[in-house]
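Source file: final33.tsv (TSV, C-alpha atoms)
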chain	number	residue	atom	x	y	z
A	1	MET	CA	71.48	103.57	106.38
A	2	SER	CA	74.94	105.04	107.06
A	3	ASP	CA	78.08	103.42	105.69
A	4	VAL	CA	79.22	102.59	109.25
A	5	ALA	CA	75.99	100.65	109.87
A	6	LEU	CA	76.31	98.96	106.45
A	7	VAL	CA	79.86	97.79	107.27
A	8	GLN	CA	78.67	96.33	110.59
A	9	GLN	CA	75.76	94.64	108.83
A	10	LEU	CA	78.06	93.14	106.18
A	11	VAL	CA	80.43	91.76	108.85
A	12	SER	CA	77.64	89.88	110.67
A	13	ARG	CA	76.05	88.62	107.44
A	14	TYR	CA	79.43	87.53	106.05
A	15	GLU	CA	79.94	85.38	109.15
A	16	ALA	CA	76.48	83.83	108.68
A	17	LEU	CA	77.33	83.23	105.00
A	18	ARG	CA	80.53	81.37	105.89
A	19	GLN	CA	78.63	79.17	108.37
A	20	GLU	CA	76.01	78.39	105.72
A	21	ILE	CA	78.70	77.36	103.21
A	22	LYS	CA	80.37	75.19	105.90
A	23	LYS	CA	77.23	73.05	106.03
A	24	VAL	CA	78.28	71.60	102.66
A	25	ILE	CA	81.97	72.46	102.17
A	26	VAL	CA	84.38	70.87	104.66
A	27	GLY	CA	87.62	72.82	105.24
A	28	GLN	CA	88.90	74.98	102.32
A	29	ASP	CA	88.40	78.10	104.52
A	30	ALA	CA	91.04	80.14	102.68
A	31	VAL	CA	89.55	79.18	99.29
A	32	VAL	CA	86.01	80.14	100.38
A	33	GLU	CA	87.32	83.46	101.71
A	34	GLU	CA	89.08	84.33	98.43
A	35	VAL	CA	85.97	83.41	96.39
A	36	LEU	CA	83.84	85.66	98.62
A	37	LEU	CA	86.45	88.45	98.48
A	38	SER	CA	86.18	88.40	94.68
A	39	VAL	CA	82.35	88.33	94.84
A	40	PHE	CA	82.06	91.38	97.14
A	41	SER	CA	84.82	93.18	95.18
A	42	GLY	CA	82.91	92.52	91.93
A	43	GLY	CA	85.71	90.44	90.38
A	44	HIS	CA	86.04	87.01	88.77
A	45	ALA	CA	88.03	84.06	90.11
A	46	LEU	CA	89.96	81.14	88.60
A	47	LEU	CA	89.99	77.96	90.72
A	48	ILE	CA	92.98	75.71	90.03
A	49	GLY	CA	92.96	72.19	91.42
A	50	VAL	CA	93.00	68.48	90.60
A	51	PRO	CA	89.66	66.67	90.00
A	52	GLY	CA	87.54	65.72	92.99
A	53	LEU	CA	88.29	68.71	95.24
A	54	ALA	CA	84.65	69.93	95.12
A	55	LYS	CA	85.32	72.98	92.92
A	56	THR	CA	81.90	72.67	91.23
A	57	LEU	CA	80.15	71.96	94.54
A	58	LEU	CA	81.85	74.98	96.11
A	59	VAL	CA	80.67	77.38	93.37
A	60	ASN	CA	77.15	75.91	93.45
A	61	THR	CA	76.98	76.21	97.26
A	62	VAL	CA	78.25	79.82	97.21
A	63	SER	CA	75.65	80.80	94.58
A	64	GLN	CA	72.83	79.16	96.61
A	65	ALA	CA	73.93	80.86	99.85
A	66	LEU	CA	74.15	84.23	98.04
A	67	GLY	CA	70.68	83.70	96.56
A	68	LEU	CA	71.93	84.16	92.99
A	69	GLY	CA	71.14	82.42	89.70
A	70	PHE	CA	73.73	79.82	88.72
A	71	LYS	CA	74.64	78.17	85.40
A	72	ARG	CA	77.38	75.65	84.72
A	73	ILE	CA	79.10	75.47	81.33
A	74	GLN	CA	81.25	72.39	80.71
A	75	PHE	CA	84.02	73.51	78.34
A	76	THR	CA	84.95	70.94	75.70
A	77	PRO	CA	87.08	71.11	72.51
A	78	ASP	CA	83.97	71.23	70.29
A	79	LEU	CA	82.15	73.99	72.23
A	80	MET	CA	81.27	76.98	70.03
A	81	PRO	CA	80.84	80.65	71.11
A	82	SER	CA	77.10	80.44	70.27
A	83	ASP	CA	76.77	77.53	72.76
A	84	ILE	CA	77.71	80.02	75.49
A	85	LEU	CA	76.29	83.34	74.29
A	86	GLY	CA	73.12	82.11	72.55
A	87	SER	CA	72.05	82.52	68.93
A	88	GLU	CA	69.39	84.02	66.69
A	89	ILE	CA	66.76	81.72	65.18
A	90	LEU	CA	63.85	82.29	62.78
A	91	ASP	CA	60.53	82.08	64.62
A	92	GLU	CA	57.14	81.07	63.14
A	93	SER	CA	56.53	84.57	61.74
A	94	ARG	CA	59.95	84.52	60.02
A	95	ASN	CA	61.47	87.11	62.36
A	96	PHE	CA	64.82	86.64	64.01
A	97	LYS	CA	64.52	85.85	67.70
A	98	PHE	CA	67.45	85.73	70.13
A	99	ILE	CA	67.65	82.64	72.33
A	100	LYS	CA	69.82	83.41	75.37
A	101	GLY	CA	72.70	81.07	76.14
A	102	PRO	CA	73.82	79.91	79.61
A	103	ILE	CA	76.02	83.02	80.04
A	104	PHE	CA	72.83	84.91	81.06
A	105	SER	CA	72.94	84.19	84.80
A	106	ASN	CA	74.46	85.83	87.90
A	107	ILE	CA	77.17	83.24	88.57
A	108	ILE	CA	78.74	81.30	85.69
A	109	LEU	CA	80.81	78.23	86.45
A	110	ALA	CA	83.16	77.87	83.47
A	111	ASP	CA	84.22	74.29	84.15
A	112	GLU	CA	87.65	73.29	82.79
A	113	ILE	CA	87.99	76.53	80.85
A	114	ASN	CA	91.32	75.43	79.33
A	115	ARG	CA	89.63	72.51	77.51
A	116	THR	CA	88.13	74.75	74.83
A	117	PRO	CA	89.84	76.59	71.92
A	118	PRO	CA	90.74	80.31	72.17
A	119	LYS	CA	87.78	81.35	69.97
A	120	THR	CA	85.33	80.05	72.58
A	121	GLN	CA	87.42	81.24	75.55
A	122	ALA	CA	87.32	84.73	74.00
A	123	ALA	CA	83.50	84.65	73.97
A	124	LEU	CA	83.70	85.10	77.75
A	125	LEU	CA	85.96	88.16	77.55
A	126	GLU	CA	83.33	90.78	76.72
A	127	ALA	CA	80.95	89.34	79.31
A	128	MET	CA	83.65	89.45	82.01
A	129	GLN	CA	84.84	92.97	81.22
A	130	GLU	CA	81.74	94.82	79.97
A	131	ARG	CA	78.95	92.78	81.66
A	132	SER	CA	77.31	92.54	78.23
A	133	VAL	CA	77.45	90.35	75.11
A	134	THR	CA	77.17	91.23	71.42
A	135	VAL	CA	75.47	88.74	69.09
A	136	ALA	CA	74.78	89.51	65.40
A	137	GLY	CA	75.42	93.21	66.01
A	138	HIS	CA	72.97	93.49	68.94
A	139	ASN	CA	74.23	94.26	72.44
A	140	TYR	CA	72.56	92.48	75.38
A	141	LYS	CA	73.17	93.55	78.98
A	142	LEU	CA	73.77	90.83	81.58
A	143	ASP	CA	71.97	90.80	84.93
A	144	LEU	CA	73.99	92.20	87.83
A	145	PRO	CA	75.73	91.10	89.98
A	146	TYR	CA	77.72	89.01	87.49
A	147	PHE	CA	80.66	86.68	88.19
A	148	VAL	CA	82.61	84.14	86.20
A	149	LEU	CA	84.16	81.46	88.42
A	150	ALA	CA	86.30	79.29	86.16
A	151	THR	CA	88.04	76.00	87.02
A	152	GLN	CA	91.24	74.58	85.61
A	153	ASN	CA	92.94	71.22	86.12
A	154	PRO	CA	96.70	71.80	86.58
A	155	ILE	CA	97.92	68.27	85.83
A	156	GLU	CA	96.15	66.98	82.73
A	157	GLN	CA	97.52	69.29	80.04
A	158	GLU	CA	97.11	66.90	77.09
A	159	GLY	CA	94.77	68.48	74.53
A	160	THR	CA	94.25	71.71	76.46
A	161	TYR	CA	94.43	75.35	75.38
A	162	PRO	CA	96.20	77.40	78.08
A	163	LEU	CA	94.47	80.72	78.75
A	164	PRO	CA	96.25	83.66	77.09
A	165	GLU	CA	97.75	86.24	79.47
A	166	ALA	CA	95.19	88.88	78.43
A	167	GLN	CA	92.37	86.60	79.55
A	168	LEU	CA	94.10	85.47	82.74
A	169	ASP	CA	94.43	89.16	83.65
A	170	ARG	CA	90.61	89.47	83.63
A	171	PHE	CA	90.45	87.19	86.69
A	172	MET	CA	90.84	89.07	89.95
A	173	PHE	CA	92.00	86.00	91.90
A	174	ALA	CA	93.71	82.75	90.91
A	175	ILE	CA	92.94	80.37	93.77
A	176	ASN	CA	94.85	77.13	94.31
A	177	LEU	CA	92.89	74.27	95.87
A	178	ASP	CA	94.86	71.67	97.80
A	179	TYR	CA	94.00	68.20	99.08
A	180	PRO	CA	92.03	68.13	102.36
A	181	SER	CA	93.73	67.10	105.62
A	182	PHE	CA	93.16	63.55	106.93
A	183	ALA	CA	90.49	64.70	109.43
A	184	GLU	CA	88.71	66.81	106.76
A	185	GLU	CA	88.70	63.92	104.27
A	186	VAL	CA	87.20	61.59	106.91
A	187	GLU	CA	84.47	64.20	107.50
A	188	VAL	CA	83.84	64.55	103.73
A	189	VAL	CA	83.48	60.78	103.28
A	190	LYS	CA	81.10	60.51	106.27
A	191	ALA	CA	78.95	63.40	105.02
A	192	THR	CA	78.75	62.27	101.40
A	193	THR	CA	78.17	58.53	101.85
A	194	SER	CA	75.27	58.60	104.29
A	195	GLY	CA	72.10	60.48	105.11
A	196	THR	CA	70.50	63.32	103.20
A	197	PRO	CA	72.44	66.27	101.74
A	198	GLN	CA	72.41	69.56	103.67
A	199	LYS	CA	70.05	72.28	102.43
A	200	VAL	CA	71.63	75.71	101.85
A	201	THR	CA	69.51	78.75	102.78
A	202	PRO	CA	69.82	81.89	100.58
A	203	LEU	CA	71.00	84.78	102.79
A	204	PHE	CA	71.22	87.70	100.31
A	205	THR	CA	69.34	89.19	97.39
A	206	ALA	CA	71.00	90.33	94.16
A	207	GLN	CA	70.32	93.99	95.03
A	208	GLU	CA	71.91	93.64	98.49
A	209	ILE	CA	75.11	92.26	96.95
A	210	ILE	CA	75.21	95.21	94.50
A	211	ASP	CA	74.70	97.60	97.46
A	212	PHE	CA	77.60	96.00	99.38
A	213	GLN	CA	79.83	96.18	96.27
A	214	GLU	CA	79.05	99.91	96.00
A	215	LEU	CA	79.81	100.33	99.73
A	216	ILE	CA	83.27	98.79	99.22
A	217	ARG	CA	83.95	101.19	96.33
A	218	ARG	CA	83.20	104.10	98.71
A	219	ILE	CA	85.68	102.93	101.39
A	220	PRO	CA	88.55	105.47	101.65
A	221	VAL	CA	92.17	104.35	101.20
A	222	ALA	CA	95.23	106.21	102.48
A	223	ASP	CA	97.74	107.32	99.83
A	224	ASN	CA	100.56	105.32	101.43
A	225	VAL	CA	98.53	102.09	101.01
A	226	ILE	CA	97.86	102.82	97.31
A	227	GLU	CA	101.55	103.69	96.83
A	228	TYR	CA	102.56	100.42	98.53
A	229	ALA	CA	100.31	98.40	96.16
A	230	VAL	CA	101.62	100.19	93.06
A	231	THR	CA	105.25	99.80	94.25
A	232	LEU	CA	104.69	96.09	94.90
A	233	VAL	CA	103.30	95.57	91.38
A	234	GLY	CA	106.16	97.64	89.91
A	235	LYS	CA	108.68	95.34	91.60
A	236	THR	CA	107.28	92.36	89.65
A	237	ARG	CA	108.38	93.90	86.31
A	238	PRO	CA	111.92	92.77	85.44
A	239	LYS	CA	112.64	95.87	83.32
A	240	SER	CA	111.61	98.22	86.14
A	241	GLN	CA	114.36	100.06	88.07
A	242	SER	CA	112.71	99.03	91.36
A	243	ALA	CA	112.75	95.30	90.46
A	244	PRO	CA	114.95	93.27	92.86
A	245	ASP	CA	117.61	90.89	91.47
A	246	LEU	CA	115.37	87.88	92.14
A	247	VAL	CA	112.72	89.25	89.74
A	248	LYS	CA	115.28	90.24	87.09
A	249	LYS	CA	116.74	86.73	87.24
A	250	TYR	CA	113.59	84.59	87.34
A	251	ILE	CA	110.65	86.57	85.87
A	252	ASP	CA	110.01	87.19	82.15
A	253	TRP	CA	106.91	89.38	82.50
A	254	GLY	CA	105.44	91.16	85.50
A	255	ALA	CA	101.94	92.31	86.42
A	256	GLY	CA	100.07	95.19	84.74
A	257	PRO	CA	98.06	98.11	86.19
A	258	ARG	CA	94.95	95.93	86.60
A	259	ALA	CA	96.87	94.10	89.35
A	260	SER	CA	97.29	97.38	91.29
A	261	GLN	CA	93.56	98.14	90.96
A	262	ASN	CA	92.62	94.64	92.10
A	263	LEU	CA	95.03	94.75	95.06
A	264	ILE	CA	93.35	97.90	96.39
A	265	LEU	CA	89.79	96.66	95.74
A	266	ALA	CA	90.47	93.30	97.40
A	267	ALA	CA	92.28	94.99	100.31
A	268	LYS	CA	89.22	97.21	100.85
A	269	THR	CA	86.96	94.15	100.92
A	270	HIS	CA	89.38	92.25	103.20
A	271	ALA	CA	89.36	95.18	105.65
A	272	VAL	CA	85.57	95.69	105.57
A	273	LEU	CA	84.81	92.00	106.18
A	274	ARG	CA	86.84	92.33	109.40
A	275	GLY	CA	84.90	95.41	110.51
A	276	ASN	CA	87.58	97.97	109.58
A	277	PHE	CA	86.68	101.18	107.76
A	278	SER	CA	89.87	101.53	105.73
A	279	PRO	CA	92.50	99.03	104.53
A	280	ASP	CA	96.14	99.14	105.60
A	281	ILE	CA	99.30	97.61	104.12
A	282	ALA	CA	98.65	94.31	105.93
A	283	ASP	CA	95.35	93.93	104.00
A	284	VAL	CA	97.22	94.39	100.69
A	285	GLN	CA	99.76	91.74	101.75
A	286	LYS	CA	97.03	89.28	102.70
A	287	VAL	CA	95.47	89.33	99.20
A	288	ALA	CA	98.69	89.74	97.18
A	289	ILE	CA	99.47	86.09	96.37
A	290	GLY	CA	95.99	85.31	94.99
A	291	ILE	CA	95.99	88.48	92.88
A	292	LEU	CA	99.57	88.28	91.52
A	293	ARG	CA	99.98	84.51	91.12
A	294	HIS	CA	98.54	84.31	87.58
A	295	ARG	CA	100.00	87.61	86.40
A	296	LEU	CA	103.71	86.80	86.66
A	297	ILE	CA	105.45	84.65	84.05
A	298	LYS	CA	108.58	82.91	85.32
A	299	ASN	CA	111.42	81.84	83.04
A	300	TYR	CA	113.21	78.54	82.50
A	301	LYS	CA	115.76	79.33	85.24
A	302	ALA	CA	112.98	79.47	87.84
A	303	GLU	CA	111.58	76.19	86.48
A	304	ALA	CA	115.01	74.54	86.57
A	305	GLU	CA	115.64	75.62	90.15
A	306	GLY	CA	112.15	74.62	91.32
A	307	LEU	CA	111.24	78.17	92.34
A	308	SER	CA	107.50	78.79	92.47
A	309	ILE	CA	105.67	82.05	91.70
A	310	GLU	CA	104.43	82.03	95.32
A	311	ASP	CA	108.05	81.94	96.58
A	312	ILE	CA	108.90	84.98	94.47
A	313	ILE	CA	105.79	86.96	95.58
A	314	THR	CA	106.46	86.09	99.24
A	315	SER	CA	110.03	87.40	98.94
A	316	LEU	CA	108.66	90.68	97.48
A	317	LEU	CA	106.34	91.05	100.49
Is it possible to express this structure as structure tokens?
Amino acid sequence: MSDVALVQQLVSRYEALRQEIKKVIVGQDAVVEEVLLSVFSGGHALLIGVPGLAKTLLVNTVSQALGLGFKRIQFTPDLMPSDILGSEILDESRNFKFIKGPIFSNIILADEINRTPPKTQAALLEAMQERSVTVAGHNYKLDLPYFVLATQNPIEQEGTYPLPEAQLDRFMFAINLDYPSFAEEVEVVKATTSGTPQKVTPLFTAQEIIDFQELIRRIPVADNVIEYAVTLVGKTRPKSQSAPDLVKKYIDWGAGPRASQNLILAAKTHAVLRGNFSPDIADVQKVAIGILRHRLIKNYKAEAEGLSIEDIITSLL
């Protein structure tokens, strides 16, 4: 099948996928879109929101609709790396046998990832970057496609371990979840306090998702769009000559090259899901906040003046 036909097929199936997810998830359209953008781009996503906003339900519903295996890991202060990766045990014939941990699945929900110490958080790093894990000197490949969708509670910071910048950078998107509107909340309460839950039909196979990810990698991008993305990321670095005064005044650290790569990949996916065969600058702008939000570190002046990272990114756009 030609790439043109594949793009058209992905557009129609993406629309069906969104409708399937809507059976269970009320509202949150922008959140669902960013999660699916990261899935088809082959990236990971960090969902940030207060308890009760259906973060776990959202990830579970997406994995069912995509037809992928799903495992949930609840991160706690006493969780050890072996609880995630698996461990070697002695079997009856006194040989070491590897028992796989929950990380061996297509979609991993890392629930409340900032509740666990850095040693355990770091156990995810190799899996996220290399799509493999190393236990007792043996390397084990993970099944593809592979995504880590992590959740974080922004308000309850007592006894938490904030993710180091190097690990935050591994997430393609940081997605903020907000409270539903009045009408949406009424719909949620009606749907969840009566009747039987909606069944979600799997619409893809693992191989089809891999094929669509490869299609997006093949999408051509004009040089001016790549240069726009790289310039935008450069402007977030306070020591850069191109940084505006706002960045120099309020930002301590800007985004690295991985941000530029992710901007282009996500812009490609954003364009393809709308039936376009190449992204333009508007596609880069549409995905910029979700991709840059967790990569900029603001200083105390920004905190004191109540300036958010989103305000700063919007001014750069």
Draw an axis-aligned box over all listed atoms of segment 14-31 of chain A, pad each side with 4 Å, and write its centre and edge lengths in Å, one decimal, as AutoDock Vina command-line options.
--center_x 83.5 --center_y 79.2 --center_z 104.2 --size_x 23.0 --size_y 24.7 --size_z 17.9
field: Contact residues around segment 250-267 of chain A with all atoms listed in the file at 6 Å, ignoring same-chain residues under 5 positions, as a PyMOL selection string
entry: chain A and resi 229-230+236-237+279+283-284+295-299+302
Skipping near chain neighbours, those fewer than 4 positions away, what residues fall within 8 Å of segment 137-142 of chain A using all atoms listed in the file, listed as a PDB file with C-alpha atoms, in the coordinates of the input?
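Output file result.pdb follows:
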ATOM      1  CA  PHE A 104      72.830  84.910  81.060  1.00  0.00           C
ATOM      2  CA  SER A 105      72.940  84.190  84.800  1.00  0.00           C
ATOM      3  CA  ALA A 127      80.950  89.340  79.310  1.00  0.00           C
ATOM      4  CA  ARG A 131      78.950  92.780  81.660  1.00  0.00           C
ATOM      5  CA  SER A 132      77.310  92.540  78.230  1.00  0.00           C
ATOM      6  CA  VAL A 133      77.450  90.350  75.110  1.00  0.00           C
ATOM      7  CA  TYR A 146      77.720  89.010  87.490  1.00  0.00           C
TER       8      TYR A 146
END
message: Please return as a PyMOL selection string every residue within 12 Å of (99.2, 106.0, 103.8), taking into account all atoms listed in the file and the file's own coordinates.
response: chain A and resi 220-229+278-282
message: List the spatial neighbours of segment 183-194 of chain A as a PyMOL selection string - criterion: any atom at most 12 Å away, all atoms listed in the file, same-chain residues fewer than 6 positions off excluded.
response: chain A and resi 22-29+52-54+57
